[in-house]
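Remarks on the structure that follows.
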Amino acid sequence: MSADQTRQLITSWLSLKQIHALISNELEQKLQQKHDLSLNEFYVLLFLSEAPGQKLRLQQLQTMVGLSQSAMSRLVSRFEAKGCGAMQRAICEDDRRGIYTSLTPIGEEKLQKAKNTVQDVLEQQFAMPKMKHGLEDALKHIRG
């Protein structure tokens, strides 16, 4: 690979990283404003809603959300401390050391409202010409 190709790949990667950060920040802000949710809390609700039985072990959630064990435990504890009743924890019957977190009907309702906000933000962000062109350029160079 030539030096120019390497430079272009790095530039494309940095462009994608910047786009991701901009959209994540906008999602975080809107979710906090409208639903009192962090982006990671939204991800937890989303992944729980898509899981069989709407429950997952904390270890599974931490991998899916991309957090450490302690960060995931703190996130779930903070979420529970809000007292909104969106999820509940239970000891795993097969392995007493394991803890399951499951989505409640309140959590499902909160998620549905938050999904509308996420959809609105993503549609708005991806419709912006600057964002659209940045993504197209980055993907074009990555594909080669």
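Residue numbers start at 1 in each chain; chains themselves are named A, B, ... in the order of the structure tokens; ligands are numbered from 1 in the order shown.
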Find the spatial neighbours of Cys84 (chain A), counting only C-alpha atoms, within a cut-off of 10 Å - ignore same-chain residues fewer than 2 positions away - and output them as number ranges by chain. A: 79-82, 86-87, 106-107, 110
I need the chosen residues saved as a short mmCIF file (atom, residue, chain, number, x, y, z; two decimals), in the first residue's frame, with N, CA and C atoms.
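Result file is selection_9.cif:
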data_model
loop_
_atom_site.label_atom_id
_atom_site.label_comp_id
_atom_site.auth_asym_id
_atom_site.auth_seq_id
_atom_site.Cartn_x
_atom_site.Cartn_y
_atom_site.Cartn_z
N PHE A 79 -29.58 3.62 36.76
CA PHE A 79 -30.86 3.50 36.07
C PHE A 79 -31.95 3.10 37.07
N GLU A 80 -31.64 2.12 37.90
CA GLU A 80 -32.60 1.66 38.91
C GLU A 80 -32.88 2.76 39.94
N ALA A 81 -31.85 3.54 40.28
CA ALA A 81 -32.00 4.61 41.27
C ALA A 81 -32.94 5.71 40.78
N LYS A 82 -33.08 5.84 39.47
CA LYS A 82 -34.02 6.83 38.93
C LYS A 82 -35.45 6.50 39.32
N ALA A 86 -38.00 0.77 34.65
CA ALA A 86 -37.83 0.33 33.27
C ALA A 86 -37.23 -1.07 33.16
N MET A 87 -36.52 -1.49 34.20
CA MET A 87 -35.93 -2.83 34.16
C MET A 87 -35.80 -3.34 35.58
N ILE A 106 -42.91 -0.96 31.56
CA ILE A 106 -42.58 0.48 31.64
C ILE A 106 -41.35 0.78 30.78
N GLY A 107 -40.35 -0.12 30.85
CA GLY A 107 -39.14 0.05 30.05
C GLY A 107 -39.43 -0.03 28.56
N LYS A 110 -40.96 3.25 27.57
CA LYS A 110 -39.91 4.28 27.55
C LYS A 110 -39.04 4.12 26.32
#
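Residues of chain A that DSSP places in strand (DSSP E), based on the backbone of this structure, are A:Lys55, A:Leu56, A:Arg57, A:Met87, A:Gln88, A:Arg89, A:Ala90, A:Ile91, A:Ile99, A:Tyr100, A:Thr101, A:Ser102, A:Leu103.
Considering only C-alpha atoms, the residue among A:Ile19, A:Ala3, A:Val44, A:Met72 positioned nearest to Lys132 (chain A) is A:Ile19.
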Using only C-alpha atoms, find the one residue out of A:His133, A:Ser2, A:Asn40, A:Val118 that sits nearest to Arg78 (chain A).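 Smallest separation from Arg78 (chain A) among the options: A:Asn40.
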Report as a Markdown table the residues of region 99-128 of chain A within 10 Å of region 28-31 of chain A, each with its shortest atom pair and distance in Å (one decimal), using only C-alpha atoms, ordered by chain and increasing residue number.
| residue | atom | partner | partner_atom | distance |
| --- | --- | --- | --- | --- |
| A:Lys113 | CA | A:Leu31 | CA | 9.8 |
| A:Ala114 | CA | A:Leu31 | CA | 6.7 |
| A:Lys115 | CA | A:Leu31 | CA | 9.4 |
| A:Thr117 | CA | A:Leu31 | CA | 7.1 |
| A:Val118 | CA | A:Leu31 | CA | 7.7 |
| A:Asp120 | CA | A:Lys30 | CA | 9.8 |
| A:Val121 | CA | A:Lys30 | CA | 8.0 |
Go ahead and save the picked residues with N, CA and C atoms, as a PDB file, in the first residue's frame.
ATOM      1  N   LYS A 113     -40.801   5.382  23.041  1.00  0.00           N
ATOM      2  CA  LYS A 113     -40.762   6.847  22.939  1.00  0.00           C
ATOM      3  C   LYS A 113     -39.360   7.325  22.558  1.00  0.00           C
ATOM      4  N   ALA A 114     -38.353   6.731  23.183  1.00  0.00           N
ATOM      5  CA  ALA A 114     -36.971   7.119  22.894  1.00  0.00           C
ATOM      6  C   ALA A 114     -36.574   6.749  21.461  1.00  0.00           C
ATOM      7  N   LYS A 115     -37.089   5.626  20.956  1.00  0.00           N
ATOM      8  CA  LYS A 115     -36.789   5.219  19.577  1.00  0.00           C
ATOM      9  C   LYS A 115     -37.244   6.281  18.587  1.00  0.00           C
ATOM     10  N   THR A 117     -37.357   9.478  19.089  1.00  0.00           N
ATOM     11  CA  THR A 117     -36.371  10.558  19.171  1.00  0.00           C
ATOM     12  C   THR A 117     -35.100  10.178  18.427  1.00  0.00           C
ATOM     13  N   VAL A 118     -34.637   8.954  18.631  1.00  0.00           N
ATOM     14  CA  VAL A 118     -33.429   8.481  17.944  1.00  0.00           C
ATOM     15  C   VAL A 118     -33.640   8.505  16.431  1.00  0.00           C
ATOM     16  N   ASP A 120     -35.688  10.400  14.730  1.00  0.00           N
ATOM     17  CA  ASP A 120     -35.714  11.801  14.290  1.00  0.00           C
ATOM     18  C   ASP A 120     -34.303  12.374  14.173  1.00  0.00           C
ATOM     19  N   VAL A 121     -33.477  12.119  15.183  1.00  0.00           N
ATOM     20  CA  VAL A 121     -32.101  12.639  15.173  1.00  0.00           C
ATOM     21  C   VAL A 121     -31.322  12.036  14.013  1.00  0.00           C
TER      22      VAL A 121
END
Interatomic distance (Å, one decimal) between CA of Arg74 (chain A) and CA of Gly98 (chain A):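 That distance, rounded to one decimal, is 16.1 Å.
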For CA of Thr63 (chain A) and CA of Phe42 (chain A), quote the distance in Å rounded to one decimal.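 Pair CA of Thr63 (chain A) / CA of Phe42 (chain A) returns 14.9 Å.
Counting from CA of Gly134 (chain A), the distance to CA of Ser15 (chain A) is 6.9 Å.
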Could you list, as a list in words, every residue within 10 Å of Thr11 (chain A), counting only C-alpha atoms and ignoring same-chain residues fewer than 6 positions away?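 The contact residues come out as Gln5, Lys17, Ala138, His141 and Ile142 of chain A.
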Requested write-out: all heavy atoms of the selected residues, as a short mmCIF file (atom, residue, chain, number, x, y, z; two decimals), in the first residue's frame:
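The file below, selection27.cif, is the result:
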data_model
loop_
_atom_site.label_atom_id
_atom_site.label_comp_id
_atom_site.auth_asym_id
_atom_site.auth_seq_id
_atom_site.Cartn_x
_atom_site.Cartn_y
_atom_site.Cartn_z
N GLN A 5 -2.22 6.05 -0.14
CA GLN A 5 -3.36 5.20 0.21
C GLN A 5 -3.51 5.07 1.73
O GLN A 5 -4.61 5.10 2.26
CB GLN A 5 -3.20 3.81 -0.42
CG GLN A 5 -3.38 3.81 -1.92
CD GLN A 5 -3.02 2.45 -2.52
OE1 GLN A 5 -2.00 1.86 -2.17
NE2 GLN A 5 -3.87 1.97 -3.42
N LYS A 17 -14.93 8.54 12.49
CA LYS A 17 -14.88 8.73 13.94
C LYS A 17 -15.51 10.06 14.32
O LYS A 17 -16.27 10.14 15.29
CB LYS A 17 -13.43 8.64 14.40
CG LYS A 17 -13.21 8.56 15.87
CD LYS A 17 -11.75 8.20 16.12
CE LYS A 17 -11.29 8.40 17.51
NZ LYS A 17 -12.09 7.84 18.56
N ALA A 138 -15.83 8.86 2.88
CA ALA A 138 -15.10 7.91 3.72
C ALA A 138 -15.31 6.48 3.23
O ALA A 138 -14.37 5.71 3.10
CB ALA A 138 -15.54 8.05 5.18
N HIS A 141 -13.44 5.64 -0.06
CA HIS A 141 -12.01 5.37 0.10
C HIS A 141 -11.74 4.08 0.82
O HIS A 141 -10.73 3.42 0.57
CB HIS A 141 -11.34 6.56 0.80
CG HIS A 141 -11.26 7.77 -0.07
ND1 HIS A 141 -12.13 8.82 0.03
CD2 HIS A 141 -10.43 8.06 -1.10
CE1 HIS A 141 -11.84 9.72 -0.89
NE2 HIS A 141 -10.82 9.30 -1.58
N ILE A 142 -12.62 3.70 1.70
CA ILE A 142 -12.44 2.43 2.41
C ILE A 142 -12.64 1.26 1.47
O ILE A 142 -11.91 0.27 1.50
CB ILE A 142 -13.38 2.35 3.63
CG1 ILE A 142 -12.91 3.34 4.69
CG2 ILE A 142 -13.44 0.94 4.19
CD1 ILE A 142 -13.89 3.54 5.82
#
Shell around region 20-23 of chain A at 7 Å using only C-alpha atoms, local window under 4 positions removed, as a count of residues only: 3
Using only C-alpha atoms, which residue out of A:Val76, A:Leu67, A:Met1, A:Leu9 lies closest to Ser102 (chain A)?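 Of A:Val76, A:Leu67, A:Met1, A:Leu9, the one nearest Ser102 (chain A), counting only C-alpha atoms, is A:Val76.
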Using only C-alpha atoms, can you tell me which of A:Thr101, A:Asn116, A:Ser68, A:Gln8 comes closest to Leu45 (chain A)?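 Of A:Thr101, A:Asn116, A:Ser68, A:Gln8, the one nearest Leu45 (chain A), counting only C-alpha atoms, is A:Thr101.
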Using only C-alpha atoms, which residues sit within 9 Å of Leu103 (chain A) once same-chain residues fewer than 6 positions away are excluded, as an MDAnalysis selection string? chainID A and resid 45 48:49 53:55 85:88
Selection from above, N, CA and C atoms, as a PDB file, in the first residue's frame, can you write it?
ATOM      1  N   LEU A  45     -31.789  -0.644  27.055  1.00  0.00           N
ATOM      2  CA  LEU A  45     -33.207  -0.933  26.821  1.00  0.00           C
ATOM      3  C   LEU A  45     -33.416  -1.588  25.459  1.00  0.00           C
ATOM      4  N   LEU A  48     -32.108  -5.224  25.514  1.00  0.00           N
ATOM      5  CA  LEU A  48     -33.021  -6.049  26.306  1.00  0.00           C
ATOM      6  C   LEU A  48     -34.302  -6.340  25.524  1.00  0.00           C
ATOM      7  N   SER A  49     -34.804  -5.339  24.814  1.00  0.00           N
ATOM      8  CA  SER A  49     -36.055  -5.526  24.063  1.00  0.00           C
ATOM      9  C   SER A  49     -35.899  -6.549  22.945  1.00  0.00           C
ATOM     10  N   GLY A  53     -37.004 -13.388  25.603  1.00  0.00           N
ATOM     11  CA  GLY A  53     -37.568 -13.165  26.930  1.00  0.00           C
ATOM     12  C   GLY A  53     -37.303 -11.778  27.483  1.00  0.00           C
ATOM     13  N   GLN A  54     -36.750 -10.919  26.663  1.00  0.00           N
ATOM     14  CA  GLN A  54     -36.395  -9.545  27.039  1.00  0.00           C
ATOM     15  C   GLN A  54     -35.530  -9.496  28.291  1.00  0.00           C
ATOM     16  N   LYS A  55     -34.583 -10.452  28.382  1.00  0.00           N
ATOM     17  CA  LYS A  55     -33.651 -10.442  29.498  1.00  0.00           C
ATOM     18  C   LYS A  55     -32.278 -10.901  29.031  1.00  0.00           C
ATOM     19  N   GLY A  85     -38.609   2.238  36.962  1.00  0.00           N
ATOM     20  CA  GLY A  85     -39.167   0.900  36.797  1.00  0.00           C
ATOM     21  C   GLY A  85     -39.008   0.316  35.408  1.00  0.00           C
ATOM     22  N   ALA A  86     -38.004   0.774  34.654  1.00  0.00           N
ATOM     23  CA  ALA A  86     -37.829   0.328  33.271  1.00  0.00           C
ATOM     24  C   ALA A  86     -37.232  -1.068  33.155  1.00  0.00           C
ATOM     25  N   MET A  87     -36.517  -1.489  34.199  1.00  0.00           N
ATOM     26  CA  MET A  87     -35.928  -2.828  34.163  1.00  0.00           C
ATOM     27  C   MET A  87     -35.795  -3.336  35.582  1.00  0.00           C
ATOM     28  N   GLN A  88     -35.551  -4.645  35.664  1.00  0.00           N
ATOM     29  CA  GLN A  88     -35.374  -5.256  36.972  1.00  0.00           C
ATOM     30  C   GLN A  88     -34.267  -6.290  36.894  1.00  0.00           C
TER      31      GLN A  88
END
